[in-house]
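J.: Before I ask anything, let me first share the structure, which is written out below as structure tokens.
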Amino acid sequence: MKNRKVMFLGPWQVETVEEKFSPQIGEQEVLVKKLYTLISPGTELAMLSGNESWFPMPGIPGYAAVSEIVEVGAGVTGFNSGDIVFHYGNHTQYEVVSIRGTFLKVPENLDLKWVPFTRMATVATTAIRVSNIEFGDYVSV
């Protein structure tokens, strides 16, 4: 199988690479085919600039994705080939993804190109959780 991916080769160097892909799917993993991915202009621009020491180059960036499951691991229950799912993922055509963590079936009748933006809700939720926001009495005006 061939797989296309976006690679950050070095600071400000981006390339699309196509290579042979032989996925090894673990017990609690699935092989997915990406339908849409979300680019983070903050996190991924920082990665591309070379200013994020946790992101090694060359590397495959990624943030969030909506994908179709192609194949499920032997221990996977609750998900099947053909299911559409939201997950965190790289900018690749195919990827092996763990079903642990953020991995959710997408409800029917949603416009799939908007599903990856679910990631932004998690960013907002995290910001609230780590802040010192207090909810007190509200005054009506």
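Ordered as shown in the structure tokens, chains take letters A, B, and onward, while each chain numbers its residues from 1 and ligands are numbered from 1 in the order shown.
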Give me, as CSV, the closest atom pair and its distance (Å, one decimal) for every residue of stretch 47-83 of chain A within a cut-off of 10 Å of stretch 29-38 of chain A, counting only C-alpha atoms, rows sorted by chain and rising number.
T.:
```
residue,atom,partner,partner_atom,distance
A:Gly62,CA,A:Leu38,CA,7.6
A:Tyr63,CA,A:Leu38,CA,6.1
A:Ala64,CA,A:Leu38,CA,5.3
A:Ala65,CA,A:Thr37,CA,4.2
A:Val66,CA,A:Tyr36,CA,5.4
A:Ser67,CA,A:Lys34,CA,4.2
A:Glu68,CA,A:Lys33,CA,5.3
A:Ile69,CA,A:Val32,CA,4.4
A:Val70,CA,A:Val32,CA,5.3
A:Glu71,CA,A:Leu31,CA,5.1
A:Val72,CA,A:Val30,CA,4.4
A:Gly73,CA,A:Glu29,CA,5.2
A:Ala74,CA,A:Glu29,CA,8.5
A:Gly75,CA,A:Glu29,CA,8.2
A:Val76,CA,A:Glu29,CA,7.0
A:Phe79,CA,A:Val30,CA,8.8
A:Asn80,CA,A:Val30,CA,9.0
A:Ser81,CA,A:Val30,CA,8.8
A:Gly82,CA,A:Val32,CA,9.3
A:Asp83,CA,A:Val32,CA,9.5
```
J.: Could you pull out the helix (DSSP H, G or I) residues of stretch 21-75 of chain A from DSSP and send them as a ChimeraX atom specification?
T.: /A:43-49
J.: What would the file look like if the residues just selected were written as a short mmCIF file (atom, residue, chain, number, x, y, z; two decimals), in the first residue's frame with all heavy atoms?
T.:
```
data_model
loop_
_atom_site.label_atom_id
_atom_site.label_comp_id
_atom_site.auth_asym_id
_atom_site.auth_seq_id
_atom_site.Cartn_x
_atom_site.Cartn_y
_atom_site.Cartn_z
N THR A 43 0.33 25.69 16.95
CA THR A 43 1.22 24.58 17.28
C THR A 43 2.06 24.17 16.07
O THR A 43 3.29 24.04 16.16
CB THR A 43 0.41 23.38 17.78
OG1 THR A 43 -0.32 23.77 18.94
CG2 THR A 43 1.32 22.20 18.12
N GLU A 44 1.42 23.97 14.94
CA GLU A 44 2.17 23.45 13.79
C GLU A 44 3.08 24.51 13.15
O GLU A 44 4.13 24.17 12.62
CB GLU A 44 1.22 22.82 12.78
CG GLU A 44 0.61 21.55 13.35
CD GLU A 44 -0.27 20.82 12.39
OE1 GLU A 44 -1.39 21.33 12.11
OE2 GLU A 44 0.15 19.76 11.91
N LEU A 45 2.71 25.77 13.24
CA LEU A 45 3.61 26.82 12.75
C LEU A 45 4.84 26.90 13.64
O LEU A 45 5.97 27.04 13.16
CB LEU A 45 2.90 28.17 12.70
CG LEU A 45 3.69 29.31 12.06
CD1 LEU A 45 4.08 28.98 10.62
CD2 LEU A 45 2.88 30.60 12.11
N ALA A 46 4.64 26.73 14.94
CA ALA A 46 5.78 26.70 15.86
C ALA A 46 6.68 25.50 15.55
O ALA A 46 7.91 25.60 15.59
CB ALA A 46 5.30 26.66 17.31
N MET A 47 6.06 24.35 15.24
CA MET A 47 6.84 23.17 14.87
C MET A 47 7.64 23.44 13.60
O MET A 47 8.83 23.14 13.53
CB MET A 47 5.91 21.98 14.66
CG MET A 47 5.26 21.48 15.93
SD MET A 47 3.74 20.50 15.71
CE MET A 47 4.22 19.23 14.58
N LEU A 48 6.97 24.01 12.59
CA LEU A 48 7.62 24.27 11.30
C LEU A 48 8.78 25.26 11.45
O LEU A 48 9.77 25.16 10.74
CB LEU A 48 6.59 24.80 10.29
CG LEU A 48 7.10 25.14 8.90
CD1 LEU A 48 7.73 23.92 8.23
CD2 LEU A 48 5.97 25.71 8.05
N SER A 49 8.65 26.18 12.38
CA SER A 49 9.71 27.18 12.58
C SER A 49 10.98 26.56 13.17
O SER A 49 12.04 27.16 13.14
CB SER A 49 9.21 28.29 13.51
OG SER A 49 9.12 27.82 14.84
#
```
J.: Using only C-alpha atoms, which protein or nucleic acid residues come within 12 Å of A:Glu15? Drop anything in the same chain fewer than 4 positions from it, and give the result as a ChimeraX atom specification.
T.: /A:4-11,48,58-61,91
J.: If you keep all heavy atoms, can you produce a file of those selected residues as a short mmCIF file (atom, residue, chain, number, x, y, z; two decimals), in the first residue's frame?
T.:
```
data_model
loop_
_atom_site.label_atom_id
_atom_site.label_comp_id
_atom_site.auth_asym_id
_atom_site.auth_seq_id
_atom_site.Cartn_x
_atom_site.Cartn_y
_atom_site.Cartn_z
N ARG A 4 0.69 8.65 1.47
CA ARG A 4 1.19 10.02 1.31
C ARG A 4 1.16 10.71 2.66
O ARG A 4 0.26 10.50 3.45
CB ARG A 4 0.32 10.80 0.32
CG ARG A 4 0.54 10.37 -1.12
CD ARG A 4 -0.30 11.17 -2.07
NE ARG A 4 -1.71 10.91 -1.76
CZ ARG A 4 -2.69 11.76 -1.99
NH1 ARG A 4 -2.44 12.93 -2.51
NH2 ARG A 4 -3.94 11.44 -1.70
N LYS A 5 2.18 11.54 2.89
CA LYS A 5 2.25 12.27 4.15
C LYS A 5 2.94 13.61 3.95
O LYS A 5 3.73 13.79 3.02
CB LYS A 5 2.99 11.45 5.21
CG LYS A 5 4.41 11.07 4.82
CD LYS A 5 5.01 10.12 5.82
CE LYS A 5 6.40 9.71 5.43
NZ LYS A 5 6.99 8.77 6.37
N VAL A 6 2.61 14.53 4.83
CA VAL A 6 3.27 15.83 4.86
C VAL A 6 4.44 15.69 5.82
O VAL A 6 4.29 15.14 6.92
CB VAL A 6 2.31 16.92 5.36
CG1 VAL A 6 3.03 18.24 5.56
CG2 VAL A 6 1.14 17.08 4.38
N MET A 7 5.60 16.19 5.41
CA MET A 7 6.78 16.12 6.28
C MET A 7 7.37 17.51 6.43
O MET A 7 7.48 18.26 5.47
CB MET A 7 7.84 15.19 5.68
CG MET A 7 7.35 13.78 5.60
SD MET A 7 8.44 12.47 6.13
CE MET A 7 9.55 13.09 7.31
N PHE A 8 7.76 17.80 7.67
CA PHE A 8 8.57 18.98 7.94
C PHE A 8 10.00 18.48 7.95
O PHE A 8 10.40 17.72 8.84
CB PHE A 8 8.21 19.61 9.29
CG PHE A 8 6.86 20.29 9.34
CD1 PHE A 8 6.40 20.80 10.53
CD2 PHE A 8 6.08 20.43 8.21
CE1 PHE A 8 5.18 21.45 10.60
CE2 PHE A 8 4.85 21.06 8.27
CZ PHE A 8 4.39 21.57 9.47
N LEU A 9 10.76 18.86 6.93
CA LEU A 9 12.13 18.36 6.79
C LEU A 9 13.12 19.13 7.64
O LEU A 9 14.13 18.59 8.11
CB LEU A 9 12.55 18.42 5.32
CG LEU A 9 11.66 17.62 4.36
CD1 LEU A 9 12.09 17.83 2.93
CD2 LEU A 9 11.68 16.16 4.73
N GLY A 10 12.86 20.40 7.81
CA GLY A 10 13.69 21.29 8.60
C GLY A 10 12.92 22.58 8.77
O GLY A 10 11.82 22.71 8.24
N PRO A 11 13.47 23.55 9.50
CA PRO A 11 12.76 24.81 9.66
C PRO A 11 12.35 25.40 8.30
O PRO A 11 13.17 25.53 7.40
CB PRO A 11 13.76 25.71 10.38
CG PRO A 11 14.61 24.73 11.14
CD PRO A 11 14.73 23.54 10.23
N LEU A 48 6.97 24.01 12.59
CA LEU A 48 7.62 24.27 11.30
C LEU A 48 8.78 25.26 11.45
O LEU A 48 9.77 25.16 10.74
CB LEU A 48 6.59 24.80 10.29
CG LEU A 48 7.10 25.14 8.90
CD1 LEU A 48 7.73 23.92 8.23
CD2 LEU A 48 5.97 25.71 8.05
N PRO A 58 13.60 15.50 10.58
CA PRO A 58 12.32 15.52 9.87
C PRO A 58 11.24 14.83 10.69
O PRO A 58 11.51 13.90 11.45
CB PRO A 58 12.61 14.76 8.58
CG PRO A 58 13.78 13.89 8.90
CD PRO A 58 14.57 14.60 9.96
N GLY A 59 10.01 15.32 10.51
CA GLY A 59 8.89 14.74 11.25
C GLY A 59 7.57 14.98 10.53
O GLY A 59 7.48 15.80 9.62
N ILE A 60 6.57 14.23 10.96
CA ILE A 60 5.24 14.33 10.37
C ILE A 60 4.36 15.14 11.32
O ILE A 60 4.11 14.70 12.44
CB ILE A 60 4.61 12.94 10.16
CG1 ILE A 60 5.53 12.06 9.33
CG2 ILE A 60 3.24 13.06 9.50
CD1 ILE A 60 5.14 10.59 9.34
N PRO A 61 3.91 16.31 10.90
CA PRO A 61 3.04 17.10 11.77
C PRO A 61 1.63 16.51 11.80
O PRO A 61 1.28 15.66 10.99
CB PRO A 61 3.03 18.47 11.09
CG PRO A 61 3.21 18.16 9.64
CD PRO A 61 4.14 16.96 9.61
N HIS A 91 -0.82 14.30 9.51
CA HIS A 91 -1.24 14.64 8.15
C HIS A 91 -0.69 13.57 7.20
O HIS A 91 0.31 13.76 6.51
CB HIS A 91 -0.74 16.02 7.76
CG HIS A 91 -1.25 17.11 8.65
ND1 HIS A 91 -2.60 17.35 8.85
CD2 HIS A 91 -0.60 18.01 9.41
CE1 HIS A 91 -2.75 18.36 9.68
NE2 HIS A 91 -1.54 18.77 10.04
#
```
J.: Just the strand (DSSP E) stuff from chain A, please, per backbone DSSP, written as a PyMOL selection string.
T.: chain A and resi 2-10+13-20+29-38+64-72+84-87+94-98+103-105
J.: When you count only C-alpha atoms, which of these residues is closest to A:Ile84: A:Phe103, A:Phe21, A:Phe55, A:Phe117?
T.: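 Closest to A:Ile84, using only C-alpha atoms: A:Phe103.
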